[in-house]
Amino acid sequence: MLTSKQRAILRSQANGLTPVFQIGKGEIDEAMTRNVAECLAARELIKLKVLEASLYSAREAADLMAQATGADVVQVIGSKFVLYLQKDKDSKYADLLR
């Protein structure tokens with residue numbers, strides 16, 4: 001669970017990120033969850049976008065993806081949201097979040 005100060009630091013880090021996944025018409029399935037989990041394991045902090053044709057709102061998609069991957073929702077703005085999952089070793093955000 002992130003504190004509000006940690007969340008603010010991660011929001012500033014995510015500001016320049018481009019979305020790496022788009023959630024469209026289909027449901028959030030096991031394959032998408034696996035791909036997002038792999039991406040989180042590699043990058044720690046990722047931004048995702050929910051398309052207008054999606055079955056989910058950005059908040060719903062963020063909550064579902066966070067629950068499925070074990071990540072924390074950093075922010076939800078409009079149709080985009082940011083997830084964070086700290087690595088066990090070599091975390092580039094660990095020093096910032098202390």
# chains A, B, ... in the order shown; residues from 1 in each chain; ligands from 1

$ select_by_dssp --residues "range 16-80 of chain A" --states "helix (DSSP H, G or I)" --output "PyMOL selection string"
chain A and resi 30-43+58-69

$ residues_around --residues "range 58-64 of chain A" --least-positions-apart "2" --cutoff "8 Å" --atoms "only C-alpha atoms" --output "NGL selection string"
:A and (28 or 49-50 or 56 or 66-68 or 73 or 76-83)

$ residues_around --residues "Val20 in chain A" --least-positions-apart "4" --cutoff "9 Å" --atoms "only C-alpha atoms" --output "list of chain:residue names"
A:Val36, A:Cys39, A:Ile46, A:Lys47, A:Leu48, A:Lys49

$ residues_around --residues "Glu38 in chain A" --least-positions-apart "6" --cutoff "12 Å" --atoms "only C-alpha atoms" --output "JSON, numbers by chain"
{"A": [20, 31, 32, 44, 45, 46, 69, 70, 71, 85, 87]}

$ select_by_dssp --residues "chain A" --states "strand (DSSP E or B)" --output "PyMOL selection string"
chain A and resi 21-23+45-50+72-77+80-84

$ closest_residue --among "A:Gln86, A:Ser54, A:Ser91, A:Asn15" --to "Met1 in chain A" --atoms "only C-alpha atoms"
A:Gln86

$ closest_residue --among "A:Arg7, A:Leu55, A:Asp72, A:Ser12" --to "Ala37 in chain A" --atoms "only C-alpha atoms"
A:Asp72

$ atom_distance --atom1 "CA of Leu10 in chain A" --atom2 "CA of Lys92 in chain A"
11.4 Å
